[in-house]
Amino acid sequence: LPVLVQVVTNYLIKIPQALAGSFLALFISYFLFKDGPKITERLSGWLPFRESTIEKLTQQFKKVTYSVVFGQLLIAFAQGLASVIGFYFLGIPLPVFWGVVTAFFALIPTIGTGAVWGPASLFLIISGVLTNDYSVVARGIGLVLYGVFVINTIDNLLRIKILQAKADIHPLIVIAGIIGGVQLFGIVGLFIGPIMLSMLVKYFENFRETFM
């Protein structure tokens with residue numbers, strides 16, 4: 001029991017940090033899109049590369065940035081929609097409201113959608129046990145399975161597919177960028193990691209084409 005309390009406490013402590021990081025990421029994204037051309041022009045003047053190399057890196061940066069930001073929003077929407085469907089058929093009250101909440105938490109990778117369907121499934125299981133209604137227990141277990149194998153899988157599949165299709169990034173680079181970015185920069189690293197790593201790979205590709 002003490003271990004469970006400690007795990008829950010640590011999880012709850014991370015929620016404000018994750019929320020702050022998500023708002024910071026959205027804030028940075030807003031100015032990247034608003035002043036993107038000016039920022040790109042200024043950074044291009046600082047880079048000690050050939051003009052052709054700078055142009056290729058700039059185009060790659062634009063593709064990856066748009067794919068990461070809009071891909072994350074699309075994934076959150078898809079997970080929210082899937083949650084609404086699951087909540088409705090499993091008898092969760094206010095499925096649309098909780099679906100919207102799930103979509104919001106989908107933008108917070110260290111917390112994730114489990115912050116919604118996890119407690120909901122636990123509530124169903126406990127309620128079913130206390131009332132000896134095992135159909136409610138079955139719905140709670142069904143919600144756990146639906147959350148793990150459907151809602152969470154949407155995140156894993158769509159993120160890789162979107163970045164690979166729109167930004168021409170290999171899935172391994174996406175995964176490595178996300179993991180490394182989150183470890184180094186926290187929530188913001190979810191956006192920065194894939195962008196920086198893909199830019200580094202693109203630079204080495206241009207270097208090889210030019211000098212080898």
# chains A, B, ... in the order shown; residues from 1 in each chain; ligands from 1
$ residues_around --residues "A:Met196" --least-positions-apart "2" --cutoff "12 Å" --atoms "only C-alpha atoms" --output "list of chain:residue names"
A:Leu57, A:Gln60, A:Phe61, A:Lys62, A:Val64, A:Thr65, A:Val68, A:Ile169, A:Ile173, A:Val174, A:Ala176, A:Gly177, A:Ile178, A:Gly180, A:Gly181, A:Phe185, A:Gly189, A:Leu190, A:Phe191, A:Ile192, A:Gly193, A:Pro194, A:Ser198, A:Met199, A:Leu200, A:Val201, A:Lys202, A:Tyr203
$ write_last_selection --atoms "N, CA, C and O atoms" --output "mmCIF file, in the first residue's frame"
data_model
loop_
_atom_site.group_PDB
_atom_site.id
_atom_site.type_symbol
_atom_site.label_atom_id
_atom_site.label_comp_id
_atom_site.auth_asym_id
_atom_site.auth_seq_id
_atom_site.Cartn_x
_atom_site.Cartn_y
_atom_site.Cartn_z
ATOM 1 N N LEU A 57 18.143 22.638 -45.491
ATOM 2 C CA LEU A 57 17.873 22.534 -44.061
ATOM 3 C C LEU A 57 16.624 23.323 -43.678
ATOM 4 O O LEU A 57 15.838 22.889 -42.826
ATOM 5 N N GLN A 60 13.565 21.347 -44.738
ATOM 6 C CA GLN A 60 13.382 20.215 -43.842
ATOM 7 C C GLN A 60 12.829 20.668 -42.492
ATOM 8 O O GLN A 60 11.947 20.024 -41.918
ATOM 9 N N PHE A 61 13.335 21.792 -42.017
ATOM 10 C CA PHE A 61 12.867 22.328 -40.733
ATOM 11 C C PHE A 61 11.382 22.670 -40.804
ATOM 12 O O PHE A 61 10.616 22.372 -39.874
ATOM 13 N N LYS A 62 10.949 23.281 -41.888
ATOM 14 C CA LYS A 62 9.542 23.633 -42.051
ATOM 15 C C LYS A 62 8.666 22.387 -42.085
ATOM 16 O O LYS A 62 7.625 22.326 -41.420
ATOM 17 N N VAL A 64 9.292 19.318 -40.953
ATOM 18 C CA VAL A 64 9.281 18.596 -39.689
ATOM 19 C C VAL A 64 8.468 19.349 -38.634
ATOM 20 O O VAL A 64 7.679 18.761 -37.893
ATOM 21 N N THR A 65 8.643 20.673 -38.571
ATOM 22 C CA THR A 65 7.932 21.470 -37.574
ATOM 23 C C THR A 65 6.426 21.379 -37.764
ATOM 24 O O THR A 65 5.673 21.134 -36.810
ATOM 25 N N VAL A 68 5.232 17.822 -36.851
ATOM 26 C CA VAL A 68 5.240 17.533 -35.418
ATOM 27 C C VAL A 68 4.069 18.218 -34.721
ATOM 28 O O VAL A 68 3.320 17.596 -33.958
ATOM 29 N N ILE A 169 10.682 11.178 -42.535
ATOM 30 C CA ILE A 169 11.570 10.795 -41.444
ATOM 31 C C ILE A 169 11.385 9.309 -41.159
ATOM 32 O O ILE A 169 10.262 8.829 -41.073
ATOM 33 N N ILE A 173 14.097 7.308 -36.264
ATOM 34 C CA ILE A 173 14.512 8.668 -35.934
ATOM 35 C C ILE A 173 13.431 9.356 -35.116
ATOM 36 O O ILE A 173 13.712 10.099 -34.167
ATOM 37 N N VAL A 174 12.173 9.113 -35.464
ATOM 38 C CA VAL A 174 11.052 9.702 -34.720
ATOM 39 C C VAL A 174 11.078 9.223 -33.278
ATOM 40 O O VAL A 174 11.007 10.013 -32.336
ATOM 41 N N ALA A 176 13.553 7.776 -31.552
ATOM 42 C CA ALA A 176 14.761 8.232 -30.851
ATOM 43 C C ALA A 176 14.667 9.713 -30.510
ATOM 44 O O ALA A 176 15.070 10.138 -29.421
ATOM 45 N N GLY A 177 14.127 10.504 -31.431
ATOM 46 C CA GLY A 177 13.984 11.940 -31.189
ATOM 47 C C GLY A 177 13.027 12.235 -30.054
ATOM 48 O O GLY A 177 13.277 13.113 -29.221
ATOM 49 N N ILE A 178 11.911 11.508 -29.999
ATOM 50 C CA ILE A 178 10.928 11.724 -28.939
ATOM 51 C C ILE A 178 11.498 11.325 -27.578
ATOM 52 O O ILE A 178 11.408 12.074 -26.595
ATOM 53 N N GLY A 180 14.734 10.872 -26.623
ATOM 54 C CA GLY A 180 15.834 11.741 -26.224
ATOM 55 C C GLY A 180 15.384 13.153 -25.911
ATOM 56 O O GLY A 180 15.856 13.773 -24.952
ATOM 57 N N GLY A 181 14.439 13.659 -26.707
ATOM 58 C CA GLY A 181 13.955 15.017 -26.488
ATOM 59 C C GLY A 181 13.235 15.170 -25.167
ATOM 60 O O GLY A 181 13.460 16.146 -24.435
ATOM 61 N N PHE A 185 14.680 17.710 -22.506
ATOM 62 C CA PHE A 185 13.967 18.981 -22.429
ATOM 63 C C PHE A 185 12.586 18.880 -21.773
ATOM 64 O O PHE A 185 11.878 19.877 -21.694
ATOM 65 N N GLY A 189 10.495 18.726 -25.271
ATOM 66 C CA GLY A 189 11.313 17.832 -26.082
ATOM 67 C C GLY A 189 10.514 16.953 -27.011
ATOM 68 O O GLY A 189 11.053 16.414 -27.983
ATOM 69 N N LEU A 190 9.206 16.796 -26.723
ATOM 70 C CA LEU A 190 8.345 16.039 -27.626
ATOM 71 C C LEU A 190 8.337 16.661 -29.013
ATOM 72 O O LEU A 190 8.238 15.966 -30.024
ATOM 73 N N PHE A 191 8.434 17.992 -29.068
ATOM 74 C CA PHE A 191 8.485 18.711 -30.338
ATOM 75 C C PHE A 191 9.923 18.912 -30.804
ATOM 76 O O PHE A 191 10.235 18.735 -31.978
ATOM 77 N N ILE A 192 10.806 19.277 -29.857
ATOM 78 C CA ILE A 192 12.172 19.633 -30.228
ATOM 79 C C ILE A 192 12.981 18.406 -30.658
ATOM 80 O O ILE A 192 13.774 18.477 -31.602
ATOM 81 N N GLY A 193 12.793 17.279 -29.963
ATOM 82 C CA GLY A 193 13.602 16.087 -30.221
ATOM 83 C C GLY A 193 13.575 15.621 -31.661
ATOM 84 O O GLY A 193 14.634 15.539 -32.311
ATOM 85 N N PRO A 194 12.389 15.300 -32.227
ATOM 86 C CA PRO A 194 12.359 14.847 -33.621
ATOM 87 C C PRO A 194 12.867 15.888 -34.600
ATOM 88 O O PRO A 194 13.487 15.556 -35.613
ATOM 89 N N SER A 198 16.171 15.037 -36.822
ATOM 90 C CA SER A 198 15.977 14.964 -38.271
ATOM 91 C C SER A 198 16.830 16.000 -38.994
ATOM 92 O O SER A 198 17.346 15.745 -40.078
ATOM 93 N N MET A 199 16.992 17.174 -38.382
ATOM 94 C CA MET A 199 17.852 18.203 -38.975
ATOM 95 C C MET A 199 19.305 17.740 -39.011
ATOM 96 O O MET A 199 20.032 17.982 -39.976
ATOM 97 N N LEU A 200 19.735 17.064 -37.943
ATOM 98 C CA LEU A 200 21.103 16.558 -37.897
ATOM 99 C C LEU A 200 21.328 15.510 -38.979
ATOM 100 O O LEU A 200 22.360 15.518 -39.668
ATOM 101 N N VAL A 201 20.358 14.606 -39.142
ATOM 102 C CA VAL A 201 20.464 13.583 -40.188
ATOM 103 C C VAL A 201 20.492 14.227 -41.565
ATOM 104 O O VAL A 201 21.272 13.837 -42.445
ATOM 105 N N LYS A 202 19.643 15.234 -41.775
ATOM 106 C CA LYS A 202 19.599 15.926 -43.064
ATOM 107 C C LYS A 202 20.931 16.629 -43.354
ATOM 108 O O LYS A 202 21.411 16.626 -44.493
ATOM 109 N N TYR A 203 21.533 17.201 -42.323
ATOM 110 C CA TYR A 203 22.819 17.878 -42.522
ATOM 111 C C TYR A 203 23.890 16.886 -42.955
ATOM 112 O O TYR A 203 24.664 17.160 -43.875
#
$ atom_distance --atom1 "atom CA of A:Phe149" --atom2 "atom CA of A:Leu197"
28.7 Å
$ residues_around --residues "stretch 124-140 of chain A" --least-positions-apart "2" --cutoff "12 Å" --atoms "only C-alpha atoms" --output "list in words"
Gly86, Phe87, Tyr88, Phe89, Leu90, Gly91, Ile92, Pro93, Trp117, Gly118, Pro119, Ala120, Ser121, Leu122, Gly142, Leu143, Val144, Leu145, Tyr146 and Gly147 of chain A
$ write_last_selection --atoms "all heavy atoms" --output "short mmCIF file (atom, residue, chain, number, x, y, z; two decimals), in the first residue's frame"
data_model
loop_
_atom_site.label_atom_id
_atom_site.label_comp_id
_atom_site.auth_asym_id
_atom_site.auth_seq_id
_atom_site.Cartn_x
_atom_site.Cartn_y
_atom_site.Cartn_z
N GLY A 86 -15.53 4.65 -27.03
CA GLY A 86 -15.37 3.64 -25.98
C GLY A 86 -16.18 3.96 -24.74
O GLY A 86 -16.83 3.07 -24.17
N PHE A 87 -16.15 5.22 -24.31
CA PHE A 87 -16.92 5.61 -23.13
C PHE A 87 -18.42 5.40 -23.34
O PHE A 87 -19.13 5.00 -22.42
CB PHE A 87 -16.64 7.08 -22.78
CG PHE A 87 -15.23 7.34 -22.33
CD1 PHE A 87 -14.69 8.61 -22.43
CD2 PHE A 87 -14.44 6.33 -21.81
CE1 PHE A 87 -13.40 8.87 -22.01
CE2 PHE A 87 -13.14 6.57 -21.39
CZ PHE A 87 -12.62 7.85 -21.49
N TYR A 88 -18.89 5.69 -24.54
CA TYR A 88 -20.32 5.56 -24.83
C TYR A 88 -20.77 4.10 -24.74
O TYR A 88 -21.76 3.77 -24.06
CB TYR A 88 -20.62 6.12 -26.22
CG TYR A 88 -22.05 5.92 -26.65
CD1 TYR A 88 -23.07 6.75 -26.18
CD2 TYR A 88 -22.39 4.89 -27.54
CE1 TYR A 88 -24.39 6.55 -26.56
CE2 TYR A 88 -23.71 4.69 -27.93
CZ TYR A 88 -24.70 5.53 -27.45
OH TYR A 88 -26.00 5.32 -27.83
N PHE A 89 -20.05 3.21 -25.39
CA PHE A 89 -20.46 1.80 -25.42
C PHE A 89 -20.21 1.09 -24.10
O PHE A 89 -20.85 0.07 -23.81
CB PHE A 89 -19.75 1.07 -26.56
CG PHE A 89 -20.31 1.38 -27.91
CD1 PHE A 89 -19.64 2.23 -28.79
CD2 PHE A 89 -21.53 0.84 -28.32
CE1 PHE A 89 -20.17 2.52 -30.04
CE2 PHE A 89 -22.06 1.13 -29.57
CZ PHE A 89 -21.38 1.97 -30.43
N LEU A 90 -19.29 1.61 -23.29
CA LEU A 90 -19.01 0.97 -22.00
C LEU A 90 -19.78 1.63 -20.86
O LEU A 90 -19.57 1.29 -19.70
CB LEU A 90 -17.50 1.00 -21.71
CG LEU A 90 -16.66 0.11 -22.63
CD1 LEU A 90 -15.17 0.37 -22.44
CD2 LEU A 90 -16.98 -1.36 -22.37
N GLY A 91 -20.63 2.58 -21.21
CA GLY A 91 -21.54 3.14 -20.21
C GLY A 91 -20.95 4.19 -19.30
O GLY A 91 -21.44 4.38 -18.18
N ILE A 92 -19.91 4.90 -19.74
CA ILE A 92 -19.35 5.99 -18.94
C ILE A 92 -20.23 7.22 -19.11
O ILE A 92 -20.52 7.63 -20.23
CB ILE A 92 -17.90 6.29 -19.36
CG1 ILE A 92 -17.02 5.05 -19.23
CG2 ILE A 92 -17.33 7.44 -18.54
CD1 ILE A 92 -16.89 4.54 -17.83
N PRO A 93 -20.66 7.85 -18.01
CA PRO A 93 -21.49 9.06 -18.13
C PRO A 93 -20.74 10.19 -18.83
O PRO A 93 -19.51 10.30 -18.74
CB PRO A 93 -21.79 9.43 -16.67
CG PRO A 93 -21.55 8.18 -15.89
CD PRO A 93 -20.47 7.44 -16.61
N TRP A 117 -8.97 7.44 -18.74
CA TRP A 117 -9.59 6.11 -18.78
C TRP A 117 -9.09 5.19 -17.68
O TRP A 117 -9.78 4.24 -17.31
CB TRP A 117 -9.41 5.46 -20.15
CG TRP A 117 -8.00 5.25 -20.63
CD1 TRP A 117 -7.32 6.01 -21.54
CD2 TRP A 117 -7.11 4.19 -20.25
NE1 TRP A 117 -6.05 5.50 -21.74
CE2 TRP A 117 -5.90 4.38 -20.98
CE3 TRP A 117 -7.21 3.11 -19.40
CZ2 TRP A 117 -4.81 3.54 -20.85
CZ3 TRP A 117 -6.12 2.25 -19.26
CH2 TRP A 117 -4.94 2.48 -19.98
N GLY A 118 -7.94 5.48 -17.10
CA GLY A 118 -7.44 4.66 -15.99
C GLY A 118 -8.33 4.76 -14.76
O GLY A 118 -8.86 3.75 -14.27
N PRO A 119 -8.53 5.99 -14.22
CA PRO A 119 -9.44 6.13 -13.08
C PRO A 119 -10.87 5.70 -13.39
O PRO A 119 -11.56 5.16 -12.51
CB PRO A 119 -9.37 7.63 -12.77
CG PRO A 119 -8.04 8.06 -13.30
CD PRO A 119 -7.82 7.23 -14.52
N ALA A 120 -11.33 5.95 -14.64
CA ALA A 120 -12.70 5.55 -14.99
C ALA A 120 -12.86 4.03 -14.94
O ALA A 120 -13.86 3.51 -14.40
CB ALA A 120 -13.04 6.06 -16.39
N SER A 121 -11.89 3.31 -15.45
CA SER A 121 -11.97 1.84 -15.40
C SER A 121 -11.86 1.33 -13.97
O SER A 121 -12.55 0.39 -13.58
CB SER A 121 -10.86 1.24 -16.27
OG SER A 121 -9.58 1.63 -15.80
N LEU A 122 -10.99 1.97 -13.17
CA LEU A 122 -10.86 1.57 -11.77
C LEU A 122 -12.15 1.82 -11.00
O LEU A 122 -12.57 0.99 -10.16
CB LEU A 122 -9.71 2.35 -11.12
CG LEU A 122 -9.35 1.99 -9.68
CD1 LEU A 122 -8.90 0.54 -9.60
CD2 LEU A 122 -8.27 2.92 -9.14
N GLY A 142 -12.90 -4.15 -19.60
CA GLY A 142 -12.97 -3.84 -21.03
C GLY A 142 -12.42 -2.46 -21.34
O GLY A 142 -11.75 -2.26 -22.36
N LEU A 143 -12.67 -1.50 -20.43
CA LEU A 143 -12.15 -0.15 -20.65
C LEU A 143 -10.63 -0.13 -20.54
O LEU A 143 -9.96 0.61 -21.29
CB LEU A 143 -12.77 0.81 -19.63
CG LEU A 143 -12.38 2.29 -19.76
CD1 LEU A 143 -12.66 2.81 -21.17
CD2 LEU A 143 -13.10 3.14 -18.72
N VAL A 144 -10.08 -0.92 -19.62
CA VAL A 144 -8.61 -1.01 -19.52
C VAL A 144 -8.02 -1.54 -20.82
O VAL A 144 -7.06 -0.97 -21.36
CB VAL A 144 -8.21 -1.92 -18.34
CG1 VAL A 144 -6.70 -2.17 -18.36
CG2 VAL A 144 -8.61 -1.30 -17.01
N LEU A 145 -8.60 -2.61 -21.33
CA LEU A 145 -8.10 -3.21 -22.58
C LEU A 145 -8.27 -2.25 -23.75
O LEU A 145 -7.38 -2.13 -24.60
CB LEU A 145 -8.84 -4.52 -22.85
CG LEU A 145 -8.64 -5.63 -21.81
CD1 LEU A 145 -9.51 -6.83 -22.15
CD2 LEU A 145 -7.18 -6.03 -21.74
N TYR A 146 -9.41 -1.56 -23.78
CA TYR A 146 -9.67 -0.60 -24.86
C TYR A 146 -8.67 0.56 -24.80
O TYR A 146 -8.16 1.02 -25.82
CB TYR A 146 -11.10 -0.08 -24.74
CG TYR A 146 -11.52 0.82 -25.87
CD1 TYR A 146 -11.96 0.29 -27.08
CD2 TYR A 146 -11.50 2.21 -25.73
CE1 TYR A 146 -12.36 1.11 -28.12
CE2 TYR A 146 -11.89 3.04 -26.76
CZ TYR A 146 -12.32 2.48 -27.96
OH TYR A 146 -12.71 3.31 -28.99
N GLY A 147 -8.39 1.02 -23.58
CA GLY A 147 -7.44 2.12 -23.43
C GLY A 147 -6.03 1.74 -23.85
O GLY A 147 -5.33 2.51 -24.52
#
$ atom_distance --atom1 "atom CA of A:Leu74" --atom2 "atom CA of A:Val100"
13.1 Å
$ select_by_dssp --residues "stretch 78-170 of chain A" --states "helix (DSSP H, G or I)" --output "JSON, numbers by chain"
{"A": [78, 79, 80, 81, 82, 83, 84, 85, 86, 87, 88, 89, 95, 96, 97, 98, 99, 100, 101, 102, 103, 104, 105, 106, 114, 115, 116, 117, 118, 119, 120, 121, 122, 123, 124, 125, 126, 127, 128, 129, 130, 134, 135, 136, 137, 138, 139, 140, 141, 142, 143, 144, 145, 146, 147, 148, 149, 150, 151, 152, 153, 154, 155, 156, 157, 158, 159, 160, 161, 162, 163, 164, 165, 166, 167]}
$ decode --residues "stretch 64-77 of chain A" --atoms "all heavy atoms" --output "PDB file, in the first residue's frame"
ATOM      1  N   VAL A  64       9.292  19.318 -40.953  1.00  0.00           N
ATOM      2  CA  VAL A  64       9.281  18.596 -39.689  1.00  0.00           C
ATOM      3  C   VAL A  64       8.468  19.349 -38.634  1.00  0.00           C
ATOM      4  O   VAL A  64       7.679  18.761 -37.893  1.00  0.00           O
ATOM      5  CB  VAL A  64      10.715  18.354 -39.189  1.00  0.00           C
ATOM      6  CG1 VAL A  64      10.697  17.715 -37.807  1.00  0.00           C
ATOM      7  CG2 VAL A  64      11.468  17.478 -40.158  1.00  0.00           C
ATOM      8  N   THR A  65       8.643  20.673 -38.571  1.00  0.00           N
ATOM      9  CA  THR A  65       7.932  21.470 -37.574  1.00  0.00           C
ATOM     10  C   THR A  65       6.426  21.379 -37.764  1.00  0.00           C
ATOM     11  O   THR A  65       5.673  21.134 -36.810  1.00  0.00           O
ATOM     12  CB  THR A  65       8.380  22.934 -37.638  1.00  0.00           C
ATOM     13  OG1 THR A  65       9.796  23.011 -37.421  1.00  0.00           O
ATOM     14  CG2 THR A  65       7.676  23.763 -36.578  1.00  0.00           C
ATOM     15  N   TYR A  66       5.971  21.573 -38.993  1.00  0.00           N
ATOM     16  CA  TYR A  66       4.542  21.486 -39.264  1.00  0.00           C
ATOM     17  C   TYR A  66       4.019  20.078 -38.983  1.00  0.00           C
ATOM     18  O   TYR A  66       2.926  19.910 -38.432  1.00  0.00           O
ATOM     19  CB  TYR A  66       4.254  21.871 -40.715  1.00  0.00           C
ATOM     20  CG  TYR A  66       4.129  23.355 -40.939  1.00  0.00           C
ATOM     21  CD1 TYR A  66       5.246  24.126 -41.229  1.00  0.00           C
ATOM     22  CD2 TYR A  66       2.904  24.001 -40.852  1.00  0.00           C
ATOM     23  CE1 TYR A  66       5.149  25.499 -41.419  1.00  0.00           C
ATOM     24  CE2 TYR A  66       2.796  25.372 -41.050  1.00  0.00           C
ATOM     25  CZ  TYR A  66       3.920  26.119 -41.333  1.00  0.00           C
ATOM     26  OH  TYR A  66       3.816  27.477 -41.519  1.00  0.00           O
ATOM     27  N   SER A  67       4.795  19.064 -39.337  1.00  0.00           N
ATOM     28  CA  SER A  67       4.359  17.685 -39.117  1.00  0.00           C
ATOM     29  C   SER A  67       4.265  17.366 -37.637  1.00  0.00           C
ATOM     30  O   SER A  67       3.311  16.708 -37.190  1.00  0.00           O
ATOM     31  CB  SER A  67       5.318  16.707 -39.796  1.00  0.00           C
ATOM     32  OG  SER A  67       5.350  16.913 -41.189  1.00  0.00           O
ATOM     33  N   VAL A  68       5.232  17.822 -36.851  1.00  0.00           N
ATOM     34  CA  VAL A  68       5.240  17.533 -35.418  1.00  0.00           C
ATOM     35  C   VAL A  68       4.069  18.218 -34.721  1.00  0.00           C
ATOM     36  O   VAL A  68       3.320  17.596 -33.958  1.00  0.00           O
ATOM     37  CB  VAL A  68       6.577  17.976 -34.784  1.00  0.00           C
ATOM     38  CG1 VAL A  68       6.485  17.967 -33.266  1.00  0.00           C
ATOM     39  CG2 VAL A  68       7.699  17.062 -35.240  1.00  0.00           C
ATOM     40  N   VAL A  69       3.882  19.509 -34.992  1.00  0.00           N
ATOM     41  CA  VAL A  69       2.841  20.275 -34.294  1.00  0.00           C
ATOM     42  C   VAL A  69       1.447  19.821 -34.712  1.00  0.00           C
ATOM     43  O   VAL A  69       0.610  19.457 -33.874  1.00  0.00           O
ATOM     44  CB  VAL A  69       3.018  21.778 -34.547  1.00  0.00           C
ATOM     45  CG1 VAL A  69       1.853  22.562 -33.928  1.00  0.00           C
ATOM     46  CG2 VAL A  69       4.340  22.257 -33.972  1.00  0.00           C
ATOM     47  N   PHE A  70       1.177  19.827 -36.019  1.00  0.00           N
ATOM     48  CA  PHE A  70      -0.146  19.437 -36.487  1.00  0.00           C
ATOM     49  C   PHE A  70      -0.394  17.942 -36.281  1.00  0.00           C
ATOM     50  O   PHE A  70      -1.529  17.525 -36.049  1.00  0.00           O
ATOM     51  CB  PHE A  70      -0.317  19.804 -37.957  1.00  0.00           C
ATOM     52  CG  PHE A  70      -0.497  21.277 -38.182  1.00  0.00           C
ATOM     53  CD1 PHE A  70       0.446  22.009 -38.870  1.00  0.00           C
ATOM     54  CD2 PHE A  70      -1.616  21.932 -37.691  1.00  0.00           C
ATOM     55  CE1 PHE A  70       0.294  23.372 -39.073  1.00  0.00           C
ATOM     56  CE2 PHE A  70      -1.785  23.291 -37.891  1.00  0.00           C
ATOM     57  CZ  PHE A  70      -0.834  24.018 -38.578  1.00  0.00           C
ATOM     58  N   GLY A  71       0.675  17.136 -36.359  1.00  0.00           N
ATOM     59  CA  GLY A  71       0.523  15.716 -36.090  1.00  0.00           C
ATOM     60  C   GLY A  71       0.095  15.474 -34.658  1.00  0.00           C
ATOM     61  O   GLY A  71      -0.771  14.632 -34.386  1.00  0.00           O
ATOM     62  N   GLN A  72       0.674  16.215 -33.709  1.00  0.00           N
ATOM     63  CA  GLN A  72       0.308  16.052 -32.314  1.00  0.00           C
ATOM     64  C   GLN A  72      -1.156  16.437 -32.083  1.00  0.00           C
ATOM     65  O   GLN A  72      -1.881  15.757 -31.341  1.00  0.00           O
ATOM     66  CB  GLN A  72       1.219  16.919 -31.435  1.00  0.00           C
ATOM     67  CG  GLN A  72       0.993  16.751 -29.949  1.00  0.00           C
ATOM     68  CD  GLN A  72       1.332  15.368 -29.463  1.00  0.00           C
ATOM     69  OE1 GLN A  72       2.079  14.638 -30.106  1.00  0.00           O
ATOM     70  NE2 GLN A  72       0.783  14.984 -28.312  1.00  0.00           N
ATOM     71  N   LEU A  73      -1.612  17.511 -32.721  1.00  0.00           N
ATOM     72  CA  LEU A  73      -3.010  17.925 -32.581  1.00  0.00           C
ATOM     73  C   LEU A  73      -3.956  16.897 -33.200  1.00  0.00           C
ATOM     74  O   LEU A  73      -5.022  16.602 -32.640  1.00  0.00           O
ATOM     75  CB  LEU A  73      -3.219  19.298 -33.233  1.00  0.00           C
ATOM     76  CG  LEU A  73      -2.472  20.465 -32.584  1.00  0.00           C
ATOM     77  CD1 LEU A  73      -2.699  21.742 -33.391  1.00  0.00           C
ATOM     78  CD2 LEU A  73      -2.935  20.666 -31.149  1.00  0.00           C
ATOM     79  N   LEU A  74      -3.565  16.356 -34.348  1.00  0.00           N
ATOM     80  CA  LEU A  74      -4.397  15.339 -34.998  1.00  0.00           C
ATOM     81  C   LEU A  74      -4.482  14.070 -34.152  1.00  0.00           C
ATOM     82  O   LEU A  74      -5.556  13.460 -34.026  1.00  0.00           O
ATOM     83  CB  LEU A  74      -3.820  15.013 -36.382  1.00  0.00           C
ATOM     84  CG  LEU A  74      -4.562  13.919 -37.177  1.00  0.00           C
ATOM     85  CD1 LEU A  74      -6.004  14.336 -37.434  1.00  0.00           C
ATOM     86  CD2 LEU A  74      -3.840  13.651 -38.498  1.00  0.00           C
ATOM     87  N   ILE A  75      -3.373  13.677 -33.549  1.00  0.00           N
ATOM     88  CA  ILE A  75      -3.360  12.490 -32.694  1.00  0.00           C
ATOM     89  C   ILE A  75      -4.261  12.703 -31.485  1.00  0.00           C
ATOM     90  O   ILE A  75      -5.027  11.803 -31.088  1.00  0.00           O
ATOM     91  CB  ILE A  75      -1.923  12.171 -32.250  1.00  0.00           C
ATOM     92  CG1 ILE A  75      -1.091  11.693 -33.447  1.00  0.00           C
ATOM     93  CG2 ILE A  75      -1.910  11.114 -31.151  1.00  0.00           C
ATOM     94  CD1 ILE A  75       0.394  11.654 -33.173  1.00  0.00           C
ATOM     95  N   ALA A  76      -4.188  13.892 -30.879  1.00  0.00           N
ATOM     96  CA  ALA A  76      -5.036  14.184 -29.722  1.00  0.00           C
ATOM     97  C   ALA A  76      -6.512  14.116 -30.103  1.00  0.00           C
ATOM     98  O   ALA A  76      -7.338  13.577 -29.355  1.00  0.00           O
ATOM     99  CB  ALA A  76      -4.694  15.559 -29.163  1.00  0.00           C
ATOM    100  N   PHE A  77      -6.857  14.646 -31.275  1.00  0.00           N
ATOM    101  CA  PHE A  77      -8.242  14.594 -31.743  1.00  0.00           C
ATOM    102  C   PHE A  77      -8.688  13.146 -31.963  1.00  0.00           C
ATOM    103  O   PHE A  77      -9.798  12.755 -31.564  1.00  0.00           O
ATOM    104  CB  PHE A  77      -8.387  15.390 -33.040  1.00  0.00           C
ATOM    105  CG  PHE A  77      -9.751  15.265 -33.677  1.00  0.00           C
ATOM    106  CD1 PHE A  77     -10.819  16.007 -33.196  1.00  0.00           C
ATOM    107  CD2 PHE A  77      -9.956  14.406 -34.751  1.00  0.00           C
ATOM    108  CE1 PHE A  77     -12.079  15.886 -33.776  1.00  0.00           C
ATOM    109  CE2 PHE A  77     -11.210  14.277 -35.329  1.00  0.00           C
ATOM    110  CZ  PHE A  77     -12.273  15.022 -34.836  1.00  0.00           C
TER     111      PHE A  77
END
